[in-house]
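Chemist: Pasting a structure below so you can have a look.
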Amino acid sequence: MNKLWGSRFEEPTDALIESLNNSLVFDSRLWRQDIAGSIAHATMLGATGILSADESAQLVGGLQLLREEIEAEILVLPPDAEDVHTAVEGLLKERLGAVAGKLHTARSRNDQIATDIRLYLREECDALEGELTAFQSMLLTLAEREMETILPGCTHLQHAQPVVLAHHLLAYFWMLDRDRERLADTRKRVNRLPLGAGALAGTGFPINRHQVAELLGFEGVLENSLDSVADRDFLIEFLAFASILAMHLSRLAEEIILWNTPEFGYILLDDAVTTGSSIMPQKKNPDVAELVRGKTGRVYGDLIALLTLMKGLPLTYNKDLQEDKEPVFDAVDTLHLVLPALQKTLATAQFRRERMLAAARGDYSTATDLADYLARRGLPFREAHEVVGRVVRYCIEQGITLEDLDAPTLATFHALLGVNTESALEVLTLNYSVSARKSFGGTAPEAVRVQWENAKARLGR
Ligand code: ARG
């Protein structure tokens with residue numbers, strides 16, 4: 001395939017250098033965006049009189065036909081083209097002849113590629129927003145079902161205070177909700193038009209960038225031509241969003257892995273999302289969750305790759321920028337895999353409520369409730385903490401749980417525990433402990449129901 005820049009050169013490009021320089025192997029996935037950008041550009045060239053109405057119509061018609069034929073796989077992008085722009089223009093030339101050469105008036109591949117990747121990412125932002133919403137909606141469904149399920153809440157992976165499972169699941173809902181906010185915010189800055197910057201300095205043709213922006217659905221036009229072709233901060237922002245989301249999913253995956261062990265036994269994963277071992281017949285492994293956790297590393301890598309790519313580039317365009325695409329494609333592809341896969345894993349898991357409850361029983365996790373009981377009756381919390389510490393130590397020495405204490409024994413630890421000891425004993429139960437935490441954002445089912453309604457409203461339901 002002919003190069004777009006061959007005439008200045010006497011010698012052909014070295015074959016090795018050709019393959020280093022080639023970007024079609026990965027940027028071919030931008031062909032739809034490339035054609036869309038060209039259709040808008042050709043339309044504008046006609047509207048401004050830079051090209052005649054007839055030339056503009058020929059270009060637009062030719063590009064539309066190309067789009068249909070590539071879509072229908074009647075045509076393929078020529079594999080020997082240098083990049084997606086060369087490939088599309090080459091096909092157009094075969095179809096239209098010389099007039100195809102007018103498409104590149106007042107345009108450069110530098111502003112063209114920046115436009116293509118923005119159009120691509122805008123679509124992916126919308127697709128990911130849908131996947132995130134679906135994930136959150138699954139969490140809402142599970143939370144509604146598990147409003148009364150008690151399990152140990154942990155700090156340091158040690159039993160801390162009992163919580164309800166709905167509360168635990170909704171914690172992830174809110175993490176993903178902030179991810180969705182970050183995504184929406186990133187999309188605003190992705191959705192600005194660089195086309196019309198030319199190679200770097202703008203153009204002497206009387207173009208209308210605002211018309212192109214409108215045709216392509218961009219919310220604004222980038223103000224500075226140098227900035228338009230040189231910066232990729234919007235890709236970095238996207239990868240930062242992707243990394244944070246991957247981190248959240250990885251934490252959830254880690255919990256799924258832990259909860260699915262015989263030691264925890266809180267959940268049983270479905271056959272459809274687990275795999276076996278080639279040597280150990282009894283095995284059922286949580287591979288999906290492990291891969292979600294494992295793939296987080298490559299998404300972080302994508303972010304670091306792009307940050308590093310950009311840090312030393314003098315203005316404006318440098319060929320280094322061709323390396324911006326693969327990390328973005330990789331992160332997008334990875335998220336499209338892990339989001340639905342983890343969603344399915346959790347949606348199909350069996351929650352073993354009796355195991356969660358059993359784990360929370362006898363774990364001394366209602367000790368704070370007894371200290372709060374004393375504090376409510378006027379004892380400074382620090383003293384209450386000391387009293388209850390002695391109660392816990394006594395129980396451990398006796399090999400009993402807090403729930404096993406009887407009224408006469410409990411009464412010996414403090415005068416305040418001597419009056420109305422039955423109500424002191426009651427605060428040591430799991431149900432009391434959970435129900436007491438009615439503060440906004442707390443784990444009491446009453447408060448979690450409010451939280452659940454607010455979560456639902458976030459999804460516009
Ligand atoms: N393929 C390039 C990229 O992805 C765009 C072409 C710009 N090439 C050039 N020689 N200025 O960034």
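Each chain in the structure tokens gets a letter, A, B and so on, in the order shown; residues start at 1 in every chain, and ligands are counted from 1 in the order they appear.
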Could you pull out the strand (DSSP E) residues of range 216-403 of chain A from DSSP and send them as a VMD selection string?

Modeler: chain A and resid 220 to 221 267 to 268 350 to 351

Chemist: Residues up to 12 Å from ligand 1, counting only C-alpha atoms and all ligand atoms: could you list those as a PyMOL selection string?

Modeler: chain A and resi 3-6+20-30+34+81-87+107-117+198-200+229-232+316-326

Chemist: Any idea what's packed within 12 Å of range 446-461 of chain A, counting only C-alpha atoms, ignoring anything in its chain fewer than 3 positions away? Could you give it as a PyMOL selection string?

Modeler: chain A and resi 129-130+132-149+163-178+180-181+434-443

Chemist: Considering only C-alpha atoms, state which residue in the set A:Arg355, A:Arg182, A:Arg377, A:Arg187 is at the smallest distance from Trp259 in chain A.

Modeler: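 Going through A:Arg355, A:Arg182, A:Arg377, A:Arg187 one by one, the smallest distance to Trp259 in chain A is for A:Arg355.
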
Chemist: Find the residues near Glu383 in chain A: any atom within 9 Å, counting only C-alpha atoms, skip ones fewer than 6 places away on the same chain, and give them as a list in words.

Modeler: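 The contact residues come out as Ala371, Leu374 and Ala375 of chain A.
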
Chemist: Would you save the residues from that selection as a short mmCIF file (atom, residue, chain, number, x, y, z; two decimals), in the first residue's frame, using C-alpha atoms?

Modeler:
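Below you can see result-v2.cif, which holds the result:
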```cif
data_model
loop_
_atom_site.label_atom_id
_atom_site.label_comp_id
_atom_site.auth_asym_id
_atom_site.auth_seq_id
_atom_site.Cartn_x
_atom_site.Cartn_y
_atom_site.Cartn_z
CA ALA A 371 -19.28 -0.79 77.22
CA LEU A 374 -22.30 1.38 80.88
CA ALA A 375 -21.42 4.65 79.16
#
```

Chemist: Using only C-alpha atoms, which residues sit within 12 Å of Tyr394 in chain A once same-chain residues fewer than 4 positions away are excluded, as a PyMOL selection string?

Modeler: chain A and resi 364+387-390+398-402+404-405+409-410+412-413

Chemist: For those residues, write C-alpha atoms to a file as an mmCIF file, in the first residue's frame.

Modeler:
```
data_model
loop_
_atom_site.group_PDB
_atom_site.id
_atom_site.type_symbol
_atom_site.label_atom_id
_atom_site.label_comp_id
_atom_site.auth_asym_id
_atom_site.auth_seq_id
_atom_site.Cartn_x
_atom_site.Cartn_y
_atom_site.Cartn_z
ATOM 1 C CA TYR A 364 -16.951 -11.484 71.852
ATOM 2 C CA VAL A 387 -14.707 -3.062 83.025
ATOM 3 C CA VAL A 388 -15.771 -4.918 79.880
ATOM 4 C CA GLY A 389 -12.167 -5.876 79.182
ATOM 5 C CA ARG A 390 -12.198 -7.702 82.508
ATOM 6 C CA GLN A 398 -13.628 -19.818 81.792
ATOM 7 C CA GLY A 399 -13.913 -20.964 78.188
ATOM 8 C CA ILE A 400 -17.345 -19.380 77.783
ATOM 9 C CA THR A 401 -18.800 -16.737 75.454
ATOM 10 C CA LEU A 402 -20.338 -13.391 76.396
ATOM 11 C CA ASP A 404 -23.137 -17.588 78.166
ATOM 12 C CA LEU A 405 -22.815 -15.145 81.093
ATOM 13 C CA THR A 409 -21.802 -13.339 87.413
ATOM 14 C CA LEU A 410 -22.144 -10.241 85.258
ATOM 15 C CA THR A 412 -20.024 -8.824 90.071
ATOM 16 C CA PHE A 413 -18.027 -6.714 87.569
#
```

Chemist: Looking at A:Gly378, A:Gly418, A:Gly362, A:Gly37, which one is nearest to Val392 in chain A, with distances taken over only C-alpha atoms?

Modeler: A:Gly362

Chemist: Could you please determine the separation between CA of Asp372 in chain A and CA of Glu354 in chain A in Å, to one decimal place?

Modeler: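 So the two atoms, CA of Asp372 in chain A and CA of Glu354 in chain A, lie 27.5 Å apart.
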
Chemist: Distance CA of Phe351 in chain A-CA of Gly297 in chain A, one decimal place?

Modeler: 28.7 Å

Chemist: Figure out the distance between CA of Ile39 in chain A and CA of Thr105 in chain A, please, to one decimal in Å.

Modeler: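 The value is 12.9 Å.
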
Chemist: Given only C-alpha atoms as the basis, pick out the residue of A:Arg353, A:Arg118, A:Arg251, A:Arg382 nearest to Lys188 in chain A.

Modeler: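 Counting only C-alpha atoms, the residue closest to Lys188 in chain A is A:Arg118.
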
Chemist: From a DSSP pass on the backbone, collect the residues of range 244-387 of chain A flagged as alpha helix (DSSP H) and hand them back as a PyMOL selection string.

Modeler: chain A and resi 244-259+287-310+325-347+353-360+367-376+381-387
